[in-house]
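Listing of structure-v6.cif, mmCIF, C-alpha atoms and all ligand atoms
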```cif
data_start
#
loop_
_atom_site.label_atom_id
_atom_site.label_comp_id
_atom_site.auth_asym_id
_atom_site.auth_seq_id
_atom_site.Cartn_x
_atom_site.Cartn_y
_atom_site.Cartn_z
CA MET A 34 -1.38 -8.26 24.43
CA ALA A 35 1.07 -10.98 23.86
CA SER A 36 4.46 -9.46 23.02
CA ILE A 37 5.13 -8.31 19.45
CA ILE A 38 7.92 -10.83 19.01
CA SER A 39 5.65 -13.74 19.97
CA HIS A 40 2.89 -12.54 17.64
CA ALA A 41 5.53 -12.42 14.90
CA ALA A 42 6.66 -15.94 15.83
CA ALA A 43 3.08 -17.23 15.60
CA GLY A 44 2.72 -15.52 12.20
CA ALA A 45 5.98 -17.08 11.02
CA ALA A 46 4.91 -20.54 12.18
CA LEU A 47 1.50 -20.31 10.50
CA SER A 48 2.92 -18.89 7.28
CA ILE A 49 5.57 -21.62 7.11
CA ALA A 50 3.05 -24.38 7.88
CA PHE A 51 0.52 -23.26 5.27
CA ALA A 52 2.81 -21.74 2.61
CA PRO A 53 2.06 -22.74 -0.96
CA GLY A 54 5.04 -24.33 -2.72
CA GLY A 55 7.46 -21.80 -4.24
CA ALA A 56 6.13 -18.78 -2.36
CA PRO A 57 8.03 -15.59 -3.34
CA ALA A 58 10.37 -13.90 -0.84
CA ARG A 59 7.88 -11.09 -0.14
CA TYR A 60 5.36 -13.62 1.22
CA TRP A 61 7.24 -14.01 4.52
CA PRO A 62 7.56 -10.37 5.63
CA VAL A 63 3.98 -9.68 4.52
CA ALA A 64 2.68 -12.58 6.64
CA ILE A 65 4.73 -11.58 9.68
CA VAL A 66 3.65 -7.95 9.45
CA ALA A 67 0.02 -9.15 9.27
CA ALA A 68 0.58 -10.97 12.56
CA VAL A 69 1.71 -7.88 14.44
CA LEU A 70 -0.27 -5.18 12.65
CA PRO A 71 -3.46 -5.49 14.77
CA ASP A 72 -1.48 -3.90 17.62
CA ALA A 73 -1.24 -0.69 15.57
CA ASP A 74 -4.38 0.16 17.55
CA SER A 75 -2.31 0.29 20.73
CA LEU A 76 -0.90 3.59 19.42
CA LEU A 77 -4.36 4.98 20.18
CA TYR A 78 -3.94 3.73 23.75
CA TYR A 79 -1.25 6.37 24.21
CA TYR A 80 -3.75 8.98 23.12
CA ARG A 81 -6.03 7.74 25.90
CA VAL A 82 -8.68 6.39 23.53
CA SER A 83 -11.18 4.62 25.77
CA TYR A 84 -11.74 0.88 25.45
CA SER A 85 -15.38 1.62 24.77
CA TYR A 86 -14.53 2.94 21.28
CA ALA A 87 -14.54 0.50 18.37
CA LEU A 88 -11.07 1.59 17.26
CA SER A 89 -9.53 1.25 20.72
CA HIS A 90 -6.98 -1.46 21.59
CA ARG A 91 -8.26 -5.02 20.90
CA GLY A 92 -11.32 -3.56 19.17
CA PHE A 93 -12.08 -3.50 15.44
CA PHE A 94 -8.40 -3.84 14.48
CA HIS A 95 -8.26 -7.22 16.22
CA SER A 96 -11.43 -8.59 14.57
CA PRO A 97 -11.51 -11.27 11.84
CA PHE A 98 -13.63 -8.86 9.78
CA MET A 99 -10.75 -6.38 9.70
CA GLY A 100 -8.47 -9.37 8.97
CA LEU A 101 -10.50 -10.13 5.86
CA ILE A 102 -10.28 -6.52 4.66
CA VAL A 103 -6.52 -6.40 5.30
CA SER A 104 -6.01 -9.77 3.57
CA PHE A 105 -7.71 -8.51 0.41
CA LEU A 106 -5.64 -5.33 0.63
CA LEU A 107 -2.39 -7.30 0.98
CA MET A 108 -3.34 -9.44 -2.02
CA PHE A 109 -3.99 -6.30 -4.02
CA LEU A 110 -0.73 -4.67 -2.95
CA PHE A 111 1.69 -7.59 -3.07
CA PHE A 112 0.16 -10.47 -5.07
CA ARG A 113 -1.49 -8.69 -7.97
CA GLY A 114 0.28 -11.06 -10.37
CA GLU A 115 -1.66 -14.09 -9.03
CA THR A 116 -4.77 -15.10 -10.94
CA LEU A 117 -7.75 -13.78 -9.03
CA PHE A 118 -9.51 -16.51 -6.96
CA SER A 119 -7.13 -19.23 -8.20
CA GLY A 120 -6.11 -21.93 -5.72
CA ARG A 121 -2.83 -20.15 -4.96
CA TRP A 122 -4.51 -16.76 -4.64
CA LEU A 123 -7.00 -18.20 -2.15
CA ARG A 124 -4.23 -19.92 -0.25
CA TYR A 125 -2.32 -16.66 0.26
CA LEU A 126 -5.50 -14.87 1.26
CA LEU A 127 -6.34 -17.61 3.74
CA VAL A 128 -2.86 -17.53 5.30
CA PHE A 129 -2.98 -13.75 5.79
CA PHE A 130 -6.46 -14.04 7.28
CA LEU A 131 -5.36 -16.87 9.57
CA VAL A 132 -2.27 -14.99 10.69
CA TRP A 133 -4.28 -11.84 11.44
CA THR A 134 -6.91 -13.82 13.32
CA SER A 135 -4.23 -15.70 15.29
CA HIS A 136 -3.29 -12.35 16.83
CA GLY A 137 -6.75 -11.82 18.35
CA ILE A 138 -6.94 -15.43 19.51
CA LEU A 139 -3.56 -15.19 21.27
CA ASP A 140 -4.63 -11.94 22.95
CA ALA A 141 -7.85 -13.64 24.10
CA LEU A 142 -5.65 -16.31 25.72
CA THR A 143 -3.85 -13.71 27.86
CA ASN A 144 -4.76 -13.08 31.48
CA GLY A 145 -5.02 -9.29 31.40
CA GLY A 146 -6.25 -6.15 29.69
CA ARG A 147 -9.67 -6.17 28.10
CA GLY A 148 -11.10 -8.90 25.90
CA VAL A 149 -11.02 -8.95 22.10
CA ALA A 150 -13.94 -7.60 20.04
CA PHE A 151 -14.08 -10.66 17.77
CA PHE A 152 -17.39 -9.68 16.20
CA SER A 153 -16.60 -5.99 15.62
CA PRO A 154 -18.04 -4.02 13.81
CA PHE A 155 -21.29 -5.99 14.38
CA SER A 156 -20.87 -6.23 18.15
CA SER A 157 -18.51 -4.35 20.44
CA LYS A 158 -18.63 -7.09 23.08
CA ARG A 159 -15.16 -8.14 24.31
CA TYR A 160 -14.20 -11.77 24.70
CA PHE A 161 -11.54 -13.84 26.41
CA LEU A 162 -11.26 -17.55 25.76
CA PRO A 163 -12.38 -19.69 28.70
CA TRP A 164 -8.72 -20.56 29.36
CA THR A 165 -6.13 -17.75 29.64
CA PRO A 166 -2.72 -19.31 30.30
CA ILE A 167 -0.59 -16.58 28.61
CA GLN A 168 0.83 -13.95 30.93
CA VAL A 169 -0.23 -10.56 29.51
CA SER A 170 2.60 -8.39 28.21
CA PRO A 171 2.91 -4.77 29.37
CA MET A 172 2.17 -2.16 26.70
CA SER A 173 5.42 -0.23 26.87
CA VAL A 174 8.85 -1.62 26.04
CA ARG A 175 10.31 -0.03 29.18
CA SER A 176 7.91 -1.79 31.52
CA PHE A 177 8.48 -5.00 29.56
CA PHE A 178 12.16 -4.93 30.53
CA ASN A 179 11.68 -3.45 34.00
CA PHE A 180 8.63 -5.28 35.02
CA ARG A 181 7.63 -8.89 34.50
CA GLY A 182 9.19 -9.40 31.07
CA TRP A 183 10.86 -12.66 31.98
CA SER A 184 7.69 -14.35 33.22
CA VAL A 185 5.86 -13.09 30.11
CA LEU A 186 8.52 -14.61 27.85
CA LYS A 187 8.44 -17.90 29.75
CA SER A 188 4.67 -18.22 29.38
CA GLU A 189 4.78 -17.16 25.71
CA PHE A 190 7.51 -19.70 25.03
CA ALA A 191 5.34 -22.46 26.48
CA TRP A 192 2.04 -21.43 24.88
CA ILE A 193 3.08 -19.77 21.60
CA TRP A 194 6.64 -20.71 20.58
CA LEU A 195 6.50 -24.42 21.42
CA PRO A 196 3.12 -25.04 19.72
CA GLY A 197 4.41 -22.93 16.77
CA LEU A 198 7.54 -25.07 16.45
CA PHE A 199 5.41 -28.19 16.71
CA LEU A 200 3.10 -26.90 13.95
CA VAL A 201 6.08 -26.20 11.66
CA PHE A 202 7.53 -29.64 12.40
CA LEU A 203 4.16 -31.33 11.77
CA SER A 204 3.61 -29.48 8.49
CA ARG A 205 7.11 -30.47 7.32
CA MET A 206 6.42 -34.10 8.15
CA ILE A 207 3.08 -34.02 6.33
CA ARG A 208 4.77 -32.49 3.27
CA VAL A 209 7.43 -35.19 3.32
CA TRP A 210 4.89 -37.96 3.78
CA THR A 211 2.64 -36.69 1.03
CA ARG A 212 5.61 -35.54 -1.10
CA TYR A 213 4.03 -32.16 -1.51
ZN ZN B 1 -3.07 -7.33 20.22
#
```

Kindly present the structure from the file in structure tokens form.
Amino acid sequence: MASIISHAAAGAALSIAFAPGGAPARYWPVAIVAAVLPDADSLLYYYRVSYSYALSHRGFFHSPFMGLIVSFLLMFLFFRGETLFSGRWLRYLLVFFLVWTSHGILDALTNGGRGVAFFSPFSSKRYFLPWTPIQVSPMSVRSFFNFRGWSVLKSEFAWIWLPGLFLVFLSRMIRVWTRY
């Protein structure tokens, strides 16, 4: 996986870039949690759940299909006041879906572990993207600090944080230019 903090940063960048005007305060934590939540499946890793199972790490929980389910659930839990299928409602749903999916894409850009089951539950095949520049982060916090944490952070800064900052900057400029 990429580290939790970098997944959160990617979620923050995407949610800032695509936020509808006047989003309520709860929008931000919900979006950031959606960015890190796919790694809840890594808890199963500690119970030695094999990668061959759909619910194992980077399996169903990392799929866009699960992202769609979770996005609907988040809308139901936190944005019930929005008119169903209105432009704003769809915008929130799309951001949560995007943020969730960004997690799997970032993991598929890492150079370790197993691939991501993008098409789960329809196919259990694991995928990496053809280019994997992000140094994979160790699973445990202890090995993150003991082990190669610094090189992980450097590669995540280059491939996640910088593009994220650029995306936020670009979206701000577009909003200024179009006075949105
Ligand atoms: Zn992950």

May I have the residues within 7 Å of ligand ZN 1 (chain B), computed using all atoms listed in the file, as a VMD selection string? chain A and resid 34 to 35 71 to 72 91 95 136 to 137 140

Find the residues near Ser104 (chain A): any atom within 6 Å, counting only C-alpha atoms, skip ones fewer than 6 places away on the same chain, and give them as a list in words. Leu126, Phe129 and Phe130 of chain A

Which residues are near Ile38 (chain A)? Cut-off 12 Å, all atoms listed in the file, ignore same chain within fewer than 2 positions. Put them as a ChimeraX atom specification. /A:34-36,40-45,65-66,68-70,72,136,170,174,185-186,189-190,193-194

Mind pulling up the distance from CA of Arg147 (chain A) to CA of Pro163 (chain A)? 13.8 Å

Which residues come within 12 Å of Gly145 (chain A), counting only C-alpha atoms, excluding same-chain residues fewer than 3 positions away, as number ranges by chain? A: 34-35, 91, 139-142, 148-149, 160-162, 165-172, 185

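Interatomic distance, CA of Thr134 (chain A) against CA of Leu117 (chain A): 22.4 Å.
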
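Residues with any atom within 10 Å of the point (-13.5, -4.1, 21.3), counting all atoms listed in the file, are Tyr84, Ser85, Tyr86, Ala87, Leu88, Ser89, His90, Arg91, Gly92, Phe93, Phe94, His95, Ser96, Arg147, Gly148, Val149, Ala150, Phe151, Phe152, Ser153, Pro154, Ser156, Ser157, Lys158, Arg159 and Tyr160 of chain A.
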
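The gap separating CA of Pro62 (chain A) from CA of Phe109 (chain A) is 15.6 Å, in Å to one decimal.
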
List as a CSV table (one decimal) with C-alpha atoms, in the coordinates of the input the protein and nucleic acid residues near region 49-56 of chain A, meaning an atom at most 12 Å away when all atoms listed in the file are counted, but skip any in the same chain fewer than 6 places from it.
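Okay, this is what ended up in result-v2.csv:
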```csv
chain,number,residue,atom,x,y,z
A,42,ALA,CA,6.7,-15.9,15.8
A,43,ALA,CA,3.1,-17.2,15.6
A,62,PRO,CA,7.6,-10.4,5.6
A,63,VAL,CA,4.0,-9.7,4.5
A,64,ALA,CA,2.7,-12.6,6.6
A,65,ILE,CA,4.7,-11.6,9.7
A,112,PHE,CA,0.2,-10.5,-5.1
A,115,GLU,CA,-1.7,-14.1,-9.0
A,120,GLY,CA,-6.1,-21.9,-5.7
A,121,ARG,CA,-2.8,-20.2,-5.0
A,122,TRP,CA,-4.5,-16.8,-4.6
A,123,LEU,CA,-7.0,-18.2,-2.2
A,124,ARG,CA,-4.2,-19.9,-0.2
A,125,TYR,CA,-2.3,-16.7,0.3
A,126,LEU,CA,-5.5,-14.9,1.3
A,127,LEU,CA,-6.3,-17.6,3.7
A,128,VAL,CA,-2.9,-17.5,5.3
A,129,PHE,CA,-3.0,-13.8,5.8
A,130,PHE,CA,-6.5,-14.0,7.3
A,131,LEU,CA,-5.4,-16.9,9.6
A,132,VAL,CA,-2.3,-15.0,10.7
A,196,PRO,CA,3.1,-25.0,19.7
A,197,GLY,CA,4.4,-22.9,16.8
A,198,LEU,CA,7.5,-25.1,16.4
A,199,PHE,CA,5.4,-28.2,16.7
A,200,LEU,CA,3.1,-26.9,14.0
A,201,VAL,CA,6.1,-26.2,11.7
A,202,PHE,CA,7.5,-29.6,12.4
A,203,LEU,CA,4.2,-31.3,11.8
A,204,SER,CA,3.6,-29.5,8.5
A,205,ARG,CA,7.1,-30.5,7.3
A,206,MET,CA,6.4,-34.1,8.2
A,207,ILE,CA,3.1,-34.0,6.3
A,208,ARG,CA,4.8,-32.5,3.3
A,212,ARG,CA,5.6,-35.5,-1.1
A,213,TYR,CA,4.0,-32.2,-1.5
```

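Among the candidate residues A:Ala67, A:Phe105, A:Arg113, A:Trp61, the one lying nearest to Ile37 (chain A) is A:Ala67, with distances computed using only C-alpha atoms.
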
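Shortest separation to Phe111 (chain A) among A:Leu47, A:Ala58, A:Trp164, A:Phe98 occurs at residue A:Ala58, atoms counted being only C-alpha atoms.
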